[in-house]
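Notes follow the structure.
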Amino acid sequence: AAIEKGGYDHFMLKEIFEQPTTIADSLRGRLVLNDSKIILSGIDSIQDKLLNARRIIIVACGTSWHAGLVAEYVIEELCRINVEVEYASEFRYRNPIISEDDVIIAISQSGETADTLVALERAKEHGATIFGIVNVVGSSIARISHAGCYTHAGPEIGVASTKAYTAQLAVLMLLALKVAKLKGTISEERFVELSHELNSVPEKVEWVLKNEVDNIKAIAYKYKDAHDVLYLGRGYNFPTALEGALKLKEISYIHAEGYPAAEMKHGPIALVDETLPVVFVATKDIYHEKVISNMQEIKARKGKVIAVVSEGDEMTHSIADDVMTVPVLDEVIAPILTVVPLQLLSYYIGVYRGLDVDKPRNLAKSVTVE
Ligand code: G6P
């Protein structure tokens with residue numbers, strides 16, 4: 001097992017560190033910069049359906065559902081198609097309104113999650129087109145899909161998903177850029193810009209893994225005995241807040257909650273006192289100033305602020321108690337990068353609490369029963 005872990009203490013850490021490679025693998029041969037195009041042969045057979053889709057419904061569970069939430073923001077912005085993101089377990093039991101003009105995107109690492117599989121069977125009976133974004137080749141969800149595109153994350157052993165998530169985001173962004181270009185909803189200039197940003201992700205993740213690990217370890221040690229942690233973000237950073245909270249719950253058994261930063265005043269702010277750490281996903285984007293004022297509201301109530309910030313953002317640095325830095329990246333692409341420090345934070349908190357981070361209690365890697 002030590003050899004399988006490639007010198008790392010746990011599969012989870014190995015998988016976090018593999019991300020520069022697995023993200024690059026998920027982009028390779030697909031993102032063709034010098035031709036300014038994206039090749040995703042998986043969509044060819046359903047291209048017309050996708051371009052004329054009345055709606056895209058994304059169906060998934062767990063971390064894969066968070067990837068779907070990021071995709072909602074990206075696809076609506078770039079492709080101007082209405083997107084809905086559904087928990088598979090809810091969708092399958094409703095009497096959902098589905099038509100032949102809807103495209104369902106299923107996201108699943110294992111390709112075997114029972115709720116997702118049954119939800120797709122239902123949608124298929126209603127005549128919807130199913131597009132699968134799956135990691136495990138030949139899995140049930142891959143087989144039931146009309147078309148699809150594999151993530152190239154390689155086998156993921158740690159129960160808490162890390163590299164499969166960033167690979168899903170990479171593929172979803174390729175899909176959004178490709179569809180936007182075909183539909184003409186993106187300018188050539190913006191397409192080129194975002195393509196280059198996407199291409200820069202592996203080296204930026206590498207930067208975090210080279211420069212931030214010791215700092216994140218120290219932050220993890222400082223907050224390892226917290227009872228509750230709140231995660232806040234807006235816009236593209238909101239799904240990352242949810243995913244950060246989920247990672248912490250899974251690995252450290254600390255209660256954590258993700259919330260849209262502006263919603264905190266409708267509830268979570270009542271929890272804030274000197275014992276509550278609040279993690280802000282606060283990289284530079286159009287909401288940045290508003291997020292800073294949310295941070296000040298937490299500070300005014302003596303909460304501790306831990307922030308994921310863009311390199312060079314001295315302002316946020318001076319307000320937060322602790323800071324995890326990531327390189328500057330366009331807000332549309334940023335979710336692939338900003339989740340990485342949050343994965344590391346959860347990992348080290350779990351380790352410092354003496355827990356089995358690869359096999360957290362009560363959780364399964366793949367939930368094949370209802
Ligand atoms: C389980 C795993 C999660 C995963 C979820 C969905 O809960 O522990 O890590 O995100 O299932 O799994 P899938 O294989 O469909 O992505």
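Naming works like this for the structure tokens: A, B, ... for the chains as they're shown, residue 1 at the start of each chain, ligands 1 onward in shown order.
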
If DSSP is run on the backbone, what residues of stretch 91-139 of chain A are alpha helix (DSSP H)? A reply as a short mmCIF file (atom, residue, chain, number, x, y, z; two decimals) with C-alpha atoms, in the first residue's frame would be ideal.
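This is the output file states.cif:
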```
data_model
loop_
_atom_site.label_atom_id
_atom_site.label_comp_id
_atom_site.auth_asym_id
_atom_site.auth_seq_id
_atom_site.Cartn_x
_atom_site.Cartn_y
_atom_site.Cartn_z
CA PHE A 91 -35.17 14.51 -9.25
CA ALA A 114 -27.67 4.52 -7.80
CA ASP A 115 -29.70 7.71 -7.50
CA THR A 116 -28.01 9.28 -10.51
CA LEU A 117 -28.45 6.15 -12.60
CA VAL A 118 -32.18 5.85 -11.87
CA ALA A 119 -32.73 9.59 -12.44
CA LEU A 120 -31.20 9.15 -15.91
CA GLU A 121 -33.41 6.17 -16.67
CA ARG A 122 -36.46 8.31 -15.83
CA ALA A 123 -35.28 11.19 -17.98
CA LYS A 124 -34.55 8.84 -20.85
CA GLU A 125 -38.11 7.47 -20.71
#
```

Listing only residues of chain A within 10 Å of ligand 1, what is the closest atom pair and its distance in Å (to one decimal) for each, using only C-alpha atoms and all ligand atoms, sorted by chain and residue number ascending, as CSV?
```
residue,atom,partner,partner_atom_place_in_ligand_line,distance
A:Val59,CA,ligand 1,15 (O),9.6
A:Ala60,CA,ligand 1,15 (O),6.3
A:Cys61,CA,ligand 1,6 (C),4.6
A:Gly62,CA,ligand 1,10 (O),4.0
A:Thr63,CA,ligand 1,10 (O),3.7
A:Ser64,CA,ligand 1,16 (O),4.8
A:Trp65,CA,ligand 1,10 (O),7.4
A:His66,CA,ligand 1,10 (O),8.5
A:Ala67,CA,ligand 1,10 (O),9.5
A:Ala88,CA,ligand 1,15 (O),9.5
A:Ala106,CA,ligand 1,15 (O),8.7
A:Ile107,CA,ligand 1,16 (O),6.4
A:Ser108,CA,ligand 1,16 (O),3.4
A:Gln109,CA,ligand 1,16 (O),3.7
A:Ser110,CA,ligand 1,14 (O),3.5
A:Gly111,CA,ligand 1,14 (O),5.5
A:Glu112,CA,ligand 1,14 (O),6.2
A:Thr113,CA,ligand 1,15 (O),4.6
A:Ala114,CA,ligand 1,15 (O),8.1
A:Asp115,CA,ligand 1,15 (O),8.5
A:Thr116,CA,ligand 1,15 (O),6.8
A:Leu117,CA,ligand 1,15 (O),8.8
A:Ile133,CA,ligand 1,16 (O),9.5
A:Val134,CA,ligand 1,16 (O),7.8
A:Asn135,CA,ligand 1,14 (O),8.1
A:Val136,CA,ligand 1,14 (O),8.6
A:Ile141,CA,ligand 1,15 (O),8.9
A:Glu156,CA,ligand 1,9 (O),9.5
A:Ile157,CA,ligand 1,9 (O),9.9
A:Gly158,CA,ligand 1,9 (O),8.3
A:Val159,CA,ligand 1,8 (O),5.1
A:Ala160,CA,ligand 1,9 (O),4.5
A:Ser161,CA,ligand 1,9 (O),4.3
A:Thr162,CA,ligand 1,9 (O),8.1
A:Ala164,CA,ligand 1,16 (O),7.9
A:Tyr165,CA,ligand 1,10 (O),8.0
A:Gln168,CA,ligand 1,16 (O),9.4
A:Glu243,CA,ligand 1,10 (O),9.8
A:Leu246,CA,ligand 1,9 (O),9.4
A:Lys247,CA,ligand 1,9 (O),8.9
A:Glu250,CA,ligand 1,8 (O),8.3
A:Lys359,CA,ligand 1,8 (O),9.5
A:Pro360,CA,ligand 1,8 (O),9.2
A:Asn362,CA,ligand 1,8 (O),9.6
A:Leu363,CA,ligand 1,8 (O),5.8
A:Ala364,CA,ligand 1,8 (O),5.0
A:Lys365,CA,ligand 1,8 (O),4.2
A:Ser366,CA,ligand 1,11 (O),5.0
A:Val367,CA,ligand 1,11 (O),5.6
A:Thr368,CA,ligand 1,11 (O),8.8
```

Go ahead and save the residues from that selection, with C-alpha atoms, as a PDB file, in the first residue's frame.
```pdb
ATOM      1  CA  VAL A  59     -28.093  15.638 -12.381  1.00  0.00           C
ATOM      2  CA  ALA A  60     -25.547  14.459  -9.786  1.00  0.00           C
ATOM      3  CA  CYS A  61     -24.836  13.754  -6.102  1.00  0.00           C
ATOM      4  CA  GLY A  62     -22.267  14.911  -3.568  1.00  0.00           C
ATOM      5  CA  THR A  63     -19.137  16.584  -4.861  1.00  0.00           C
ATOM      6  CA  SER A  64     -20.230  15.947  -8.447  1.00  0.00           C
ATOM      7  CA  TRP A  65     -23.346  18.015  -7.723  1.00  0.00           C
ATOM      8  CA  HIS A  66     -21.064  20.909  -6.743  1.00  0.00           C
ATOM      9  CA  ALA A  67     -19.305  20.595 -10.105  1.00  0.00           C
ATOM     10  CA  ALA A  88     -30.414  13.009  -8.423  1.00  0.00           C
ATOM     11  CA  ALA A 106     -25.013  13.552 -15.674  1.00  0.00           C
ATOM     12  CA  ILE A 107     -21.854  14.057 -13.626  1.00  0.00           C
ATOM     13  CA  SER A 108     -20.380  11.107 -11.754  1.00  0.00           C
ATOM     14  CA  GLN A 109     -16.907  10.014 -10.769  1.00  0.00           C
ATOM     15  CA  SER A 110     -17.782   6.340 -10.303  1.00  0.00           C
ATOM     16  CA  GLY A 111     -20.523   6.124 -12.901  1.00  0.00           C
ATOM     17  CA  GLU A 112     -22.342   3.809 -10.482  1.00  0.00           C
ATOM     18  CA  THR A 113     -24.226   6.105  -8.082  1.00  0.00           C
ATOM     19  CA  ALA A 114     -27.673   4.515  -7.800  1.00  0.00           C
ATOM     20  CA  ASP A 115     -29.698   7.712  -7.495  1.00  0.00           C
ATOM     21  CA  THR A 116     -28.008   9.283 -10.510  1.00  0.00           C
ATOM     22  CA  LEU A 117     -28.454   6.153 -12.598  1.00  0.00           C
ATOM     23  CA  ILE A 133     -19.348  13.229 -17.680  1.00  0.00           C
ATOM     24  CA  VAL A 134     -17.890  10.202 -15.980  1.00  0.00           C
ATOM     25  CA  ASN A 135     -14.472   9.117 -14.710  1.00  0.00           C
ATOM     26  CA  VAL A 136     -14.778   5.335 -14.733  1.00  0.00           C
ATOM     27  CA  ILE A 141     -23.757   5.792 -16.244  1.00  0.00           C
ATOM     28  CA  GLU A 156      -9.591   7.894  -7.244  1.00  0.00           C
ATOM     29  CA  ILE A 157      -9.175   5.893  -4.016  1.00  0.00           C
ATOM     30  CA  GLY A 158      -9.706   8.487  -1.257  1.00  0.00           C
ATOM     31  CA  VAL A 159     -13.386   8.537  -0.333  1.00  0.00           C
ATOM     32  CA  ALA A 160     -13.501  12.340  -0.398  1.00  0.00           C
ATOM     33  CA  SER A 161     -13.345  13.397  -4.031  1.00  0.00           C
ATOM     34  CA  THR A 162     -10.550  15.766  -5.050  1.00  0.00           C
ATOM     35  CA  ALA A 164     -12.148  13.805  -9.932  1.00  0.00           C
ATOM     36  CA  TYR A 165     -13.838  17.116  -9.050  1.00  0.00           C
ATOM     37  CA  GLN A 168     -15.043  17.376 -13.963  1.00  0.00           C
ATOM     38  CA  GLU A 243     -17.437  22.082  -1.664  1.00  0.00           C
ATOM     39  CA  LEU A 246     -18.360  19.321   2.415  1.00  0.00           C
ATOM     40  CA  LYS A 247     -14.653  18.351   2.341  1.00  0.00           C
ATOM     41  CA  GLU A 250     -16.224  14.415   5.389  1.00  0.00           C
ATOM     42  CA  LYS A 359     -11.799   6.157   4.796  1.00  0.00           C
ATOM     43  CA  PRO A 360     -13.935   8.493   6.874  1.00  0.00           C
ATOM     44  CA  ASN A 362     -19.953   6.046   7.612  1.00  0.00           C
ATOM     45  CA  LEU A 363     -19.061   7.202   4.087  1.00  0.00           C
ATOM     46  CA  ALA A 364     -18.698   5.137   0.927  1.00  0.00           C
ATOM     47  CA  LYS A 365     -16.703   5.932  -2.179  1.00  0.00           C
ATOM     48  CA  SER A 366     -19.583   4.967  -4.380  1.00  0.00           C
ATOM     49  CA  VAL A 367     -23.168   4.771  -3.177  1.00  0.00           C
ATOM     50  CA  THR A 368     -24.707   1.994  -5.240  1.00  0.00           C
TER      51      THR A 368
END
```

**Asked** Separation of atom CA of A:Leu232 and atom CA of A:Lys290, in Å?
**Response** 12.0 Å

**Request:** Have a look at A:Val291, A:Val272, A:Val229, A:Leu198 and name the one nearest to A:Pro260; count only C-alpha atoms.
**Result:**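 Result for the nearest residue to A:Pro260: A:Val291.
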
**In stretch 20-233 of chain A, DSSP strand (DSSP E or B) residues written as a VMD selection string** = chain A and resid 31 to 32 37 to 38 55 to 60 82 to 87 102 to 108 129 to 134 147 to 150 228 to 233

**Asked** Taking only C-alpha atoms into account, which of A:Lys249, A:Leu230, A:Lys224, A:Leu194 comes nearest A:Val281?
**Response**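 Closest candidate: A:Leu230.
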
**Item:** All residues 9 Å or closer to stretch 40-50 of chain A, only C-alpha atoms, same chain fewer than 6 positions away omitted, as a list in words
**Value:**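 My reading of the contact set: Gly29, Arg30, Leu31, Ile56, Glu100, Asp101, Asp102, Val103, Thr129, Phe131, His146, Ala147, Gly148, Cys149, Tyr150, Leu174, Leu175, Lys178 and Val179 of chain A.
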
Each stretch 205-281 of chain A residue no farther than 12 Å from stretch 335-350 of chain A, nearest pair in Å, only C-alpha atoms, as a tab-separated table:
```
residue	atom	partner	partner_atom	distance
A:Val205	CA	A:Leu337	CA	6.0
A:Glu206	CA	A:Leu337	CA	9.7
A:Trp207	CA	A:Leu337	CA	10.2
A:Val208	CA	A:Pro341	CA	7.3
A:Leu209	CA	A:Val340	CA	8.4
A:Lys210	CA	A:Pro341	CA	11.5
A:Asn211	CA	A:Pro341	CA	10.9
A:Glu212	CA	A:Pro341	CA	7.8
A:Val213	CA	A:Leu344	CA	7.5
A:Asp214	CA	A:Leu344	CA	10.3
A:Asn215	CA	A:Leu345	CA	9.8
A:Ile216	CA	A:Leu345	CA	6.0
A:Lys217	CA	A:Tyr348	CA	6.0
A:Ala218	CA	A:Tyr348	CA	9.0
A:Ile219	CA	A:Leu345	CA	7.5
A:Ala220	CA	A:Ile349	CA	5.0
A:Tyr221	CA	A:Ile349	CA	6.6
A:Lys222	CA	A:Ile349	CA	9.1
A:Tyr223	CA	A:Ile349	CA	7.6
A:Lys224	CA	A:Ile349	CA	5.2
A:Asp225	CA	A:Ile349	CA	8.6
A:Ala226	CA	A:Ile349	CA	9.8
A:Val229	CA	A:Ser346	CA	11.1
A:Tyr231	CA	A:Leu342	CA	10.0
A:Gly233	CA	A:Thr338	CA	11.0
A:Arg234	CA	A:Pro335	CA	11.6
A:Gly235	CA	A:Pro335	CA	10.3
A:Tyr236	CA	A:Pro335	CA	6.7
A:Asn237	CA	A:Pro335	CA	6.6
A:Phe238	CA	A:Pro335	CA	9.2
A:Pro239	CA	A:Pro335	CA	8.1
A:Thr240	CA	A:Val339	CA	5.9
A:Ala241	CA	A:Val339	CA	8.3
A:Leu242	CA	A:Val339	CA	10.0
A:Glu243	CA	A:Val339	CA	7.5
A:Gly244	CA	A:Leu342	CA	5.4
A:Ala245	CA	A:Leu342	CA	8.5
A:Leu246	CA	A:Ser346	CA	9.3
A:Lys247	CA	A:Ser346	CA	6.1
A:Leu248	CA	A:Ser346	CA	4.8
A:Lys249	CA	A:Ser346	CA	8.3
A:Glu250	CA	A:Ser346	CA	8.6
A:Ile251	CA	A:Gly350	CA	5.4
A:Ser252	CA	A:Gly350	CA	4.3
A:Tyr253	CA	A:Gly350	CA	8.0
A:Ile254	CA	A:Gly350	CA	9.1
A:His255	CA	A:Ser346	CA	11.9
A:Ala256	CA	A:Ser346	CA	10.8
A:Val279	CA	A:Leu342	CA	9.1
A:Phe280	CA	A:Leu342	CA	10.3
A:Val281	CA	A:Thr338	CA	7.4
```

Could you please take those selected residues and save N, CA and C atoms as a compact mmCIF listing (two decimals), in the first residue's frame?
```
# COMPACT_ATOMS: atom_id res chain seq x y z
N VAL A 205 -2.17 25.45 -10.24
CA VAL A 205 -2.40 24.48 -9.15
C VAL A 205 -1.04 24.04 -8.60
N GLU A 206 -0.11 23.80 -9.50
CA GLU A 206 1.26 23.44 -9.11
C GLU A 206 1.86 24.51 -8.19
N TRP A 207 1.62 25.76 -8.53
CA TRP A 207 2.13 26.87 -7.72
C TRP A 207 1.61 26.78 -6.29
N VAL A 208 0.30 26.50 -6.15
CA VAL A 208 -0.29 26.38 -4.81
C VAL A 208 0.37 25.22 -4.05
N LEU A 209 0.57 24.11 -4.74
CA LEU A 209 1.14 22.93 -4.09
C LEU A 209 2.61 23.15 -3.72
N LYS A 210 3.30 23.99 -4.46
CA LYS A 210 4.70 24.29 -4.15
C LYS A 210 4.84 25.33 -3.04
N ASN A 211 3.97 26.35 -3.06
CA ASN A 211 4.19 27.51 -2.20
C ASN A 211 3.30 27.65 -0.98
N GLU A 212 2.18 26.95 -0.97
CA GLU A 212 1.20 27.23 0.08
C GLU A 212 1.04 26.13 1.13
N VAL A 213 1.62 24.96 0.89
CA VAL A 213 1.33 23.83 1.77
C VAL A 213 1.75 24.08 3.23
N ASP A 214 2.93 24.62 3.45
CA ASP A 214 3.37 24.85 4.85
C ASP A 214 2.46 25.85 5.55
N ASN A 215 2.10 26.88 4.83
CA ASN A 215 1.19 27.89 5.37
C ASN A 215 -0.17 27.26 5.71
N ILE A 216 -0.71 26.45 4.80
CA ILE A 216 -2.02 25.83 5.03
C ILE A 216 -1.96 24.85 6.21
N LYS A 217 -0.84 24.14 6.34
CA LYS A 217 -0.65 23.24 7.47
C LYS A 217 -0.75 24.02 8.79
N ALA A 218 -0.10 25.17 8.82
CA ALA A 218 -0.12 25.98 10.05
C ALA A 218 -1.53 26.47 10.34
N ILE A 219 -2.27 26.85 9.32
CA ILE A 219 -3.65 27.31 9.51
C ILE A 219 -4.51 26.13 10.01
N ALA A 220 -4.28 24.96 9.42
CA ALA A 220 -5.04 23.76 9.82
C ALA A 220 -4.80 23.47 11.30
N TYR A 221 -3.55 23.58 11.72
CA TYR A 221 -3.21 23.29 13.11
C TYR A 221 -3.92 24.27 14.05
N LYS A 222 -3.93 25.52 13.64
CA LYS A 222 -4.54 26.57 14.45
C LYS A 222 -6.04 26.35 14.66
N TYR A 223 -6.72 25.83 13.63
CA TYR A 223 -8.19 25.72 13.69
C TYR A 223 -8.68 24.28 13.88
N LYS A 224 -7.80 23.35 14.16
CA LYS A 224 -8.19 21.93 14.17
C LYS A 224 -9.24 21.59 15.23
N ASP A 225 -9.37 22.40 16.29
CA ASP A 225 -10.33 22.08 17.34
C ASP A 225 -11.65 22.85 17.23
N ALA A 226 -11.85 23.48 16.09
CA ALA A 226 -13.11 24.22 15.89
C ALA A 226 -14.29 23.26 15.96
N VAL A 229 -17.53 25.46 11.32
CA VAL A 229 -16.84 26.38 10.41
C VAL A 229 -17.84 26.79 9.33
N TYR A 231 -18.42 28.52 5.60
CA TYR A 231 -17.72 28.81 4.33
C TYR A 231 -18.59 29.73 3.49
N GLY A 233 -18.99 32.40 -0.01
CA GLY A 233 -18.49 32.87 -1.31
C GLY A 233 -19.66 33.35 -2.13
N ARG A 234 -19.39 34.16 -3.14
CA ARG A 234 -20.45 34.65 -4.03
C ARG A 234 -20.12 34.28 -5.45
N GLY A 235 -21.17 34.23 -6.28
CA GLY A 235 -20.96 34.01 -7.71
C GLY A 235 -20.22 32.71 -7.94
N TYR A 236 -19.20 32.77 -8.78
CA TYR A 236 -18.43 31.56 -9.11
C TYR A 236 -17.78 30.95 -7.87
N ASN A 237 -17.62 31.75 -6.83
CA ASN A 237 -16.99 31.23 -5.60
C ASN A 237 -17.98 30.58 -4.64
N PHE A 238 -19.27 30.69 -4.93
CA PHE A 238 -20.26 30.10 -4.02
C PHE A 238 -20.21 28.56 -4.03
N PRO A 239 -20.23 27.91 -5.21
CA PRO A 239 -20.14 26.44 -5.17
C PRO A 239 -18.84 25.96 -4.50
N THR A 240 -17.79 26.75 -4.63
CA THR A 240 -16.52 26.37 -3.99
C THR A 240 -16.66 26.41 -2.47
N ALA A 241 -17.43 27.37 -1.96
CA ALA A 241 -17.70 27.42 -0.51
C ALA A 241 -18.43 26.15 -0.08
N LEU A 242 -19.41 25.72 -0.88
CA LEU A 242 -20.14 24.50 -0.53
C LEU A 242 -19.20 23.29 -0.54
N GLU A 243 -18.35 23.22 -1.54
CA GLU A 243 -17.44 22.08 -1.66
C GLU A 243 -16.39 22.10 -0.54
N GLY A 244 -15.92 23.28 -0.17
CA GLY A 244 -14.97 23.39 0.94
C GLY A 244 -15.59 22.87 2.23
N ALA A 245 -16.85 23.24 2.47
CA ALA A 245 -17.55 22.81 3.69
C ALA A 245 -17.76 21.30 3.67
N LEU A 246 -18.14 20.77 2.52
CA LEU A 246 -18.36 19.32 2.42
C LEU A 246 -17.06 18.56 2.69
N LYS A 247 -15.94 19.03 2.11
CA LYS A 247 -14.65 18.35 2.34
C LYS A 247 -14.34 18.32 3.82
N LEU A 248 -14.56 19.45 4.51
CA LEU A 248 -14.22 19.51 5.94
C LEU A 248 -15.08 18.54 6.75
N LYS A 249 -16.38 18.53 6.47
CA LYS A 249 -17.28 17.59 7.17
C LYS A 249 -16.81 16.16 6.97
N GLU A 250 -16.56 15.79 5.71
CA GLU A 250 -16.22 14.41 5.39
C GLU A 250 -14.97 13.94 6.11
N ILE A 251 -13.95 14.78 6.14
CA ILE A 251 -12.63 14.36 6.56
C ILE A 251 -12.36 14.61 8.04
N SER A 252 -12.93 15.68 8.59
CA SER A 252 -12.56 16.07 9.96
C SER A 252 -13.69 15.87 10.95
N TYR A 253 -14.90 15.60 10.46
CA TYR A 253 -16.10 15.47 11.30
C TYR A 253 -16.43 16.77 12.03
N ILE A 254 -15.90 17.88 11.55
CA ILE A 254 -16.29 19.18 12.10
C ILE A 254 -17.52 19.65 11.34
N HIS A 255 -18.49 20.15 12.06
CA HIS A 255 -19.67 20.67 11.38
C HIS A 255 -19.28 21.89 10.54
N ALA A 256 -19.64 21.86 9.28
CA ALA A 256 -19.31 22.98 8.41
C ALA A 256 -20.48 23.25 7.49
N VAL A 279 -14.50 30.79 6.65
CA VAL A 279 -13.62 30.72 5.48
C VAL A 279 -14.29 31.46 4.33
N PHE A 280 -13.63 32.47 3.82
CA PHE A 280 -14.13 33.21 2.66
C PHE A 280 -13.38 32.78 1.40
N VAL A 281 -14.14 32.47 0.37
CA VAL A 281 -13.51 32.28 -0.93
C VAL A 281 -13.58 33.67 -1.57
```

**Request:** Provide the atom CA of A:Leu27 to atom CA of A:Glu197 distance in Å, to one decimal place.
**Result:**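 Here the two named atoms are 12.1 Å from each other.
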
**Request:** For atom CA of A:Asn95 and atom CA of A:His126, quote the distance in Å rounded to one decimal.
**Result:** 10.7 Å

**Message:** Taking only C-alpha atoms into account, name the residue in A:Lys284, A:Ile98, A:Thr151, A:Lys14 that is nearest to A:Gly127.
**Reply:**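 Among the listed residues, the smallest separation from A:Gly127 belongs to A:Ile98.
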
Neighbouring residues of A:Glu274 were defined as those with any atom within 6 Å, considering only C-alpha atoms; residues of the same chain fewer than 2 positions away were excluded. Please report them as a CSV table (one decimal) with N, CA and C atoms, in the first residue's frame.
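Listed below is the output, selection17.csv:
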```csv
chain,number,residue,atom,x,y,z
A,276,LEU,N,-16.0,31.1,16.2
A,276,LEU,CA,-16.4,30.7,14.9
A,276,LEU,C,-15.4,31.1,13.8
A,302,LYS,N,-16.3,39.6,16.1
A,302,LYS,CA,-15.2,38.9,16.7
A,302,LYS,C,-15.0,37.5,16.1
A,303,GLY,N,-15.6,37.2,14.9
A,303,GLY,CA,-15.3,35.9,14.3
A,303,GLY,C,-13.9,35.9,13.7
```

**Request:** Do a neighbour search on A:Ala71 at 8 Å with only C-alpha atoms, toss out local chain neighbours closer than 5 positions, and write the hits as number ranges by chain.
**Result:** A: 169, 172-173, 176

**Item:** Counting only C-alpha atoms, the option among A:Met12, A:Ile298, A:Ala180, A:Ile39 closest to A:Pro277
**Value:**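 For A:Pro277, the nearest of the candidates is A:Ile298.
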
**Fill in**
For A:Glu289, the closest of A:Gly258, A:Ser195, A:Val137, A:Asp313 counting only C-alpha atoms is A:Asp313

**Message:** Just checking: using only C-alpha atoms, which residue out of A:Leu271, A:Val309, A:Cys79, A:Glu257 ends up closest to A:Leu177?
**Reply:**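 Closest to A:Leu177, using only C-alpha atoms: A:Cys79.
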